[in-house]
Amino acid sequence: MRALTWQGNSNVRVEDVPDPTIQQPTDAIVRVTSTAICGSDLHLYSVLGAFLHPGDVLGHEFMGIVEEVGPEAAGHLSVGDRVVVPFNISCGHCWMCSRGLFAQCETTQNTKQGKGASLFGYTDLYGAVPGGQAEYVRVPQAQFGPVKVPHEGADERYLYLSDILPTAWQGVKYANVPDGGTLAVMGLGPVGQLAVRSALKLGEASRVIGVDLVPERLEAAKAWGAEVLDLRDVDGGGRDPQKVGEAIREMTGGRGADSVLEAVGMEAHGNPVAHKAISAVAHLPGPLGRPAIEKAGIDRLAALHSSIEAVRRGGTVSVSGVYGGMVDPMPMMTMFDKGIAMRMGQCHVKQWTQELFDVANRSEDLLGLEQLATHRVSLEEAPRMYEVFQKKQDNCLKVVMTP
C-alpha cells in the first residue's frame with residue numbers, strides 16, 4: 001500500500017509499505033477514505049525526529065471503512081462499517097478508561113517511556129504504532145476505539161471527531177469559563193478555530209477573543225463572531241508576553257480574560273533563541289537527541305507565558321497546545337500571585353464523542369466542519385502540503401488528504 005513516511009528532519013515521503021494485518025484478536029483493518037495533517041504532526045516533521053525512524057508511517061486523524069475485524073472486536077464492528085478513529089488508543093475497561101481518562105489507558109500506556117496511552121503515528125514515546133496517512137491502517141483495541149458514523153454525508157462532517165474537535169472542546173471545558181464570561185483563545189489554527197466556534201455556538205462563553213498574527217486566521221475567527229487581537233499590532237510583535245497581557249486587559253476593562261485557552265504549543269511564534277536551540281536538538285542523531293529532549297529540552301513558550309499574563313486574577317488557563325520540554329522556565333511568582341488555575345493534557349477523545357457526534361450529525365453544519373479545510377489533495381501530495389502547512393503558505397489552515 002501507499003503511505004506517508006518520515007525520512008528525516010523536514011523530510012517525508014509517500015512510498016510503498018507492507019499492507020497491515022490483524023495481529024491481535026482486538027484489531028481491525030480500516031481502509032482510509034480521508035486523513036488530515038494535524039498541527040502536532042508538524043512537531044514530528046521538525047522537532048521530535050530523535051524518536052522516529054526512517055519509514056515510520058505518520059498521521060493520527062483518519063476515518064474510513066472497516067475491511068477486516070479480529071474475533072474480539074467483532075461484537076463492536078462489522079466489515080463495511082464506516083468509522084472515525086480516535087487518535088489515542090484506549091481499551092475502554094481499565095482503571096483509567098473507567099474514569100474517562102482515555103489518554104492514560106493502562107492497557108496501552110507506555111510505561112517504559114513514562115508516557116500515557118499509545119497514539120497512532122506518534123513516535124517511540126507513544127508506542128510506535130503506524131499512523132493513518134496511508135491507504136490502510138491496523139487499528140488496535142478496535143473493540144472500543146472506532147466510532148461508527150452514518151454512511152451518508154461528507155467525510156469532513158465526521159473526520160475531526162478523531163482529534164481536533166474533541167481537543168478544542170476539551171480545551172474549552174477545561175477553561176471553566178464562568179457564566180457571561182470572556183474566553184481568550186491563543187492561536188487560531190484548526191484547534192483554535194474550532195474552540196472559537198464551539199465556545200460561541202454551544203454557549204460556553206459570552207465573549208471570545210481570538211489571538212494570532214496570521215491575517216486569514218484572524219478573519220476566519222472574526223467571521224464566526226470572535227473579537228480578535230492581531231499580535232502584529234502589539235508592541236514587540238507579540239513576542240513579549242507582558243505586552244500581550246496588557247493588550248488583553250485593555251480589551252477587558254483592565255482585568256484580563258476570565259479564561260484563556262492556549263492552542264499553540266511548542267511551535268509558538270516568538271523567542272528566536274529558543275527556536276535555534278530547538279532546531280539544533282532536532283538535528284542531533286537519535287541516541288544524542290533523545291536524552292537532550294527528555295532531560296534538557298525547551299520549548300518556545302511565548303503563547304503559554306502570554307496566556308498566563310492575559311488571564312485575570314483567579315482565572316483559568318487551559319492548555320491544549322502540545323509541549324515537549326523538560327526544563328521550560330515558568331513564571332511561578334506570577335502564577336502564584338494571580339492565583340490562577342491550570343488544566344492541560346492529551347485529549348480524552350471518547351469522553352466527548354457522543355455529545356460532539358450529536359453536534360456533527362445535525363442536518364445543519366453548526367460548527368462549519370465541512371468548510372474548515374482549506375486544502376484537499378491526494379495522499380501523494382502530502383510531502384508538499386507538510387511544507388505548505390508548516391510555513392503557513394497559500395492561506396493554509398487545514399489539509400485533508402484522500403489516499
# chains A, B, ... in the order shown; residues from 1 in each chain; ligands from 1
$ residues_around --residues "Leu304 (chain A)" --least-positions-apart "5" --cutoff "8 Å" --atoms "only C-alpha atoms" --output "PDB file with all heavy atoms, in the first residue's frame"
ATOM      1  N   GLU A 262      -4.934  28.038  25.536  1.00  0.00           N
ATOM      2  CA  GLU A 262      -3.681  28.105  24.777  1.00  0.00           C
ATOM      3  C   GLU A 262      -3.682  26.964  23.766  1.00  0.00           C
ATOM      4  O   GLU A 262      -3.620  25.793  24.133  1.00  0.00           O
ATOM      5  CB  GLU A 262      -2.494  27.998  25.738  1.00  0.00           C
ATOM      6  CG  GLU A 262      -1.172  28.432  25.138  1.00  0.00           C
ATOM      7  CD  GLU A 262      -0.545  27.370  24.277  1.00  0.00           C
ATOM      8  OE1 GLU A 262      -0.840  27.336  23.058  1.00  0.00           O
ATOM      9  OE2 GLU A 262       0.225  26.571  24.804  1.00  0.00           O
ATOM     10  N   GLY A 265       1.202  25.683  21.567  1.00  0.00           N
ATOM     11  CA  GLY A 265       2.178  24.658  21.905  1.00  0.00           C
ATOM     12  C   GLY A 265       3.576  25.006  21.478  1.00  0.00           C
ATOM     13  O   GLY A 265       3.936  26.176  21.303  1.00  0.00           O
ATOM     14  N   VAL A 319      -4.592  24.478  28.649  1.00  0.00           N
ATOM     15  CA  VAL A 319      -3.520  24.260  27.672  1.00  0.00           C
ATOM     16  C   VAL A 319      -3.850  23.063  26.796  1.00  0.00           C
ATOM     17  O   VAL A 319      -3.852  21.919  27.264  1.00  0.00           O
ATOM     18  CB  VAL A 319      -2.159  24.054  28.370  1.00  0.00           C
ATOM     19  CG1 VAL A 319      -1.045  23.905  27.334  1.00  0.00           C
ATOM     20  CG2 VAL A 319      -1.851  25.214  29.320  1.00  0.00           C
TER      21      VAL A 319
END
$ residues_around --residues "Gln346 (chain A)" --least-positions-apart "3" --cutoff "12 Å" --atoms "only C-alpha atoms" --output "number ranges by chain"
A: 40, 86-89, 101-105, 115-119, 126, 163-164, 166-168, 170-171, 174, 318-323, 343, 349-351
$ select_by_dssp --residues "region 20-225 of chain A" --states "strand (DSSP E or B)" --output "VMD selection string"
chain A and resid 28 to 37 57 61 to 69 82 to 85 88 110 115 119 to 120 129 134 136 to 139 147 to 148 182 to 186 207 to 212
$ select_by_dssp --residues "region 50-144 of chain A" --states "helix (DSSP H, G or I)" --output "ChimeraX atom specification"
/A:50-51,97-99,102-104,111-113,124-126
$ closest_residue --among "A:Thr5, A:Ser162, A:Gln354, A:Asn176" --to "Gly55 (chain A)" --atoms "only C-alpha atoms"
A:Thr5
$ residues_around --residues "Tyr160 (chain A)" --least-positions-apart "4" --cutoff "9 Å" --atoms "only C-alpha atoms" --output "VMD selection string"
chain A and resid 36 61 to 62 84 156 164 to 166 369
$ write_last_selection --atoms "N, CA and C atoms" --output "compact mmCIF listing (two decimals), in the first residue's frame"
# COMPACT_ATOMS: atom_id res chain seq x y z
N ALA A 36 -5.98 13.60 7.64
CA ALA A 36 -5.63 15.02 7.71
C ALA A 36 -4.24 15.20 8.31
N GLU A 61 -5.13 11.50 12.37
CA GLU A 61 -6.51 11.93 12.10
C GLU A 61 -6.98 11.22 10.84
N PHE A 62 -7.87 10.24 11.01
CA PHE A 62 -8.30 9.49 9.82
C PHE A 62 -9.64 8.81 10.07
N VAL A 84 -14.83 6.61 12.25
CA VAL A 84 -13.77 7.57 12.52
C VAL A 84 -13.01 7.03 13.72
N GLU A 156 -15.77 14.95 5.89
CA GLU A 156 -15.31 16.04 6.75
C GLU A 156 -16.33 16.44 7.82
N ILE A 164 -9.13 16.95 16.41
CA ILE A 164 -9.13 18.39 16.67
C ILE A 164 -10.43 18.92 17.25
N LEU A 165 -11.57 18.30 16.92
CA LEU A 165 -12.82 18.78 17.50
C LEU A 165 -12.90 18.46 19.00
N PRO A 166 -12.69 17.20 19.42
CA PRO A 166 -12.69 16.96 20.86
C PRO A 166 -11.54 17.66 21.59
N LEU A 369 -17.85 22.39 9.96
CA LEU A 369 -16.82 21.35 9.81
C LEU A 369 -16.48 21.09 8.35
$ residues_around --residues "Thr402 (chain A)" --least-positions-apart "3" --cutoff "12 Å" --atoms "only C-alpha atoms" --output "mmCIF file with N, CA and C atoms, in the first residue's frame"
data_model
loop_
_atom_site.group_PDB
_atom_site.id
_atom_site.type_symbol
_atom_site.label_atom_id
_atom_site.label_comp_id
_atom_site.auth_asym_id
_atom_site.auth_seq_id
_atom_site.Cartn_x
_atom_site.Cartn_y
_atom_site.Cartn_z
ATOM 1 N N ARG A 2 0.272 2.396 -0.262
ATOM 2 C CA ARG A 2 0.963 3.673 -0.232
ATOM 3 C C ARG A 2 0.760 4.326 1.142
ATOM 4 N N ALA A 3 1.821 4.948 1.653
ATOM 5 C CA ALA A 3 1.734 5.599 2.954
ATOM 6 C C ALA A 3 2.754 6.728 3.029
ATOM 7 N N LEU A 4 2.453 7.713 3.853
ATOM 8 C CA LEU A 4 3.354 8.845 4.084
ATOM 9 C C LEU A 4 4.330 8.439 5.186
ATOM 10 N N ARG A 31 -9.810 0.685 5.807
ATOM 11 C CA ARG A 31 -9.398 1.317 4.553
ATOM 12 C C ARG A 31 -9.682 2.814 4.681
ATOM 13 N N VAL A 32 -8.641 3.614 4.587
ATOM 14 C CA VAL A 32 -8.752 5.043 4.858
ATOM 15 C C VAL A 32 -9.406 5.758 3.680
ATOM 16 N N THR A 33 -10.429 6.538 3.974
ATOM 17 C CA THR A 33 -11.082 7.348 2.938
ATOM 18 C C THR A 33 -10.698 8.819 3.046
ATOM 19 N N SER A 34 -10.368 9.276 4.252
ATOM 20 C CA SER A 34 -9.879 10.648 4.450
ATOM 21 C C SER A 34 -8.903 10.660 5.616
ATOM 22 N N THR A 35 -7.863 11.457 5.486
ATOM 23 C CA THR A 35 -6.896 11.641 6.558
ATOM 24 C C THR A 35 -6.420 13.084 6.512
ATOM 25 N N ALA A 36 -5.976 13.600 7.642
ATOM 26 C CA ALA A 36 -5.629 15.017 7.714
ATOM 27 C C ALA A 36 -4.241 15.203 8.307
ATOM 28 N N ILE A 37 -3.655 16.353 8.021
ATOM 29 C CA ILE A 37 -2.416 16.751 8.675
ATOM 30 C C ILE A 37 -2.793 17.607 9.881
ATOM 31 N N PHE A 62 -7.875 10.237 11.009
ATOM 32 C CA PHE A 62 -8.301 9.486 9.821
ATOM 33 C C PHE A 62 -9.642 8.810 10.074
ATOM 34 N N MET A 63 -10.290 8.448 8.969
ATOM 35 C CA MET A 63 -11.534 7.680 9.023
ATOM 36 C C MET A 63 -11.603 6.811 7.784
ATOM 37 N N GLY A 64 -12.528 5.877 7.776
ATOM 38 C CA GLY A 64 -12.626 5.012 6.608
ATOM 39 C C GLY A 64 -13.628 3.893 6.798
ATOM 40 N N GLY A 132 -2.149 6.916 10.222
ATOM 41 C CA GLY A 132 -3.283 6.878 9.320
ATOM 42 C C GLY A 132 -3.144 7.648 8.024
ATOM 43 N N GLN A 133 -1.962 8.220 7.747
ATOM 44 C CA GLN A 133 -1.761 8.856 6.444
ATOM 45 C C GLN A 133 -1.298 7.767 5.480
ATOM 46 N N ALA A 134 -2.246 6.904 5.170
ATOM 47 C CA ALA A 134 -1.966 5.674 4.435
ATOM 48 C C ALA A 134 -3.259 5.162 3.821
ATOM 49 N N GLU A 135 -3.131 4.158 2.975
ATOM 50 C CA GLU A 135 -4.326 3.564 2.360
ATOM 51 C C GLU A 135 -5.074 2.663 3.321
ATOM 52 N N TYR A 136 -4.335 1.983 4.213
ATOM 53 C CA TYR A 136 -4.944 1.082 5.189
ATOM 54 C C TYR A 136 -4.245 1.262 6.537
ATOM 55 N N ASP A 155 -17.187 13.051 4.412
ATOM 56 C CA ASP A 155 -16.228 12.612 5.425
ATOM 57 C C ASP A 155 -15.904 13.735 6.406
ATOM 58 N N GLU A 156 -15.769 14.949 5.894
ATOM 59 C CA GLU A 156 -15.310 16.043 6.750
ATOM 60 C C GLU A 156 -16.328 16.438 7.821
ATOM 61 N N LEU A 159 -14.738 13.574 10.229
ATOM 62 C CA LEU A 159 -13.293 13.320 10.308
ATOM 63 C C LEU A 159 -12.661 13.920 11.557
ATOM 64 N N HIS A 375 -7.364 23.079 2.080
ATOM 65 C CA HIS A 375 -6.661 22.337 1.035
ATOM 66 C C HIS A 375 -7.103 20.880 1.072
ATOM 67 N N ARG A 376 -7.584 20.387 -0.066
ATOM 68 C CA ARG A 376 -7.990 18.996 -0.216
ATOM 69 C C ARG A 376 -7.187 18.405 -1.359
ATOM 70 N N VAL A 377 -6.359 17.414 -1.047
ATOM 71 C CA VAL A 377 -5.412 16.897 -2.026
ATOM 72 C C VAL A 377 -5.356 15.377 -1.909
ATOM 73 N N SER A 378 -4.646 14.754 -2.833
ATOM 74 C CA SER A 378 -4.404 13.317 -2.743
ATOM 75 C C SER A 378 -3.259 13.062 -1.761
ATOM 76 N N LEU A 379 -3.191 11.841 -1.261
ATOM 77 C CA LEU A 379 -2.115 11.467 -0.345
ATOM 78 C C LEU A 379 -0.747 11.679 -0.990
ATOM 79 N N GLU A 380 -0.659 11.503 -2.288
ATOM 80 C CA GLU A 380 0.625 11.653 -2.974
ATOM 81 C C GLU A 380 1.194 13.068 -2.837
ATOM 82 N N GLU A 381 0.336 14.037 -2.541
ATOM 83 C CA GLU A 381 0.794 15.417 -2.398
ATOM 84 C C GLU A 381 1.170 15.774 -0.959
ATOM 85 N N ALA A 382 1.170 14.788 -0.071
ATOM 86 C CA ALA A 382 1.428 15.050 1.346
ATOM 87 C C ALA A 382 2.769 15.736 1.610
ATOM 88 N N VAL A 399 -5.415 20.736 6.107
ATOM 89 C CA VAL A 399 -5.195 19.893 4.936
ATOM 90 C C VAL A 399 -5.884 18.557 5.129
#
$ atom_distance --atom1 "CA of Trp169 (chain A)" --atom2 "CA of Ala195 (chain A)"
6.2 Å
$ closest_residue --among "A:Ala175, A:Ile308, A:Val211, A:Leu42" --to "Glu387 (chain A)" --atoms "only C-alpha atoms"
A:Leu42
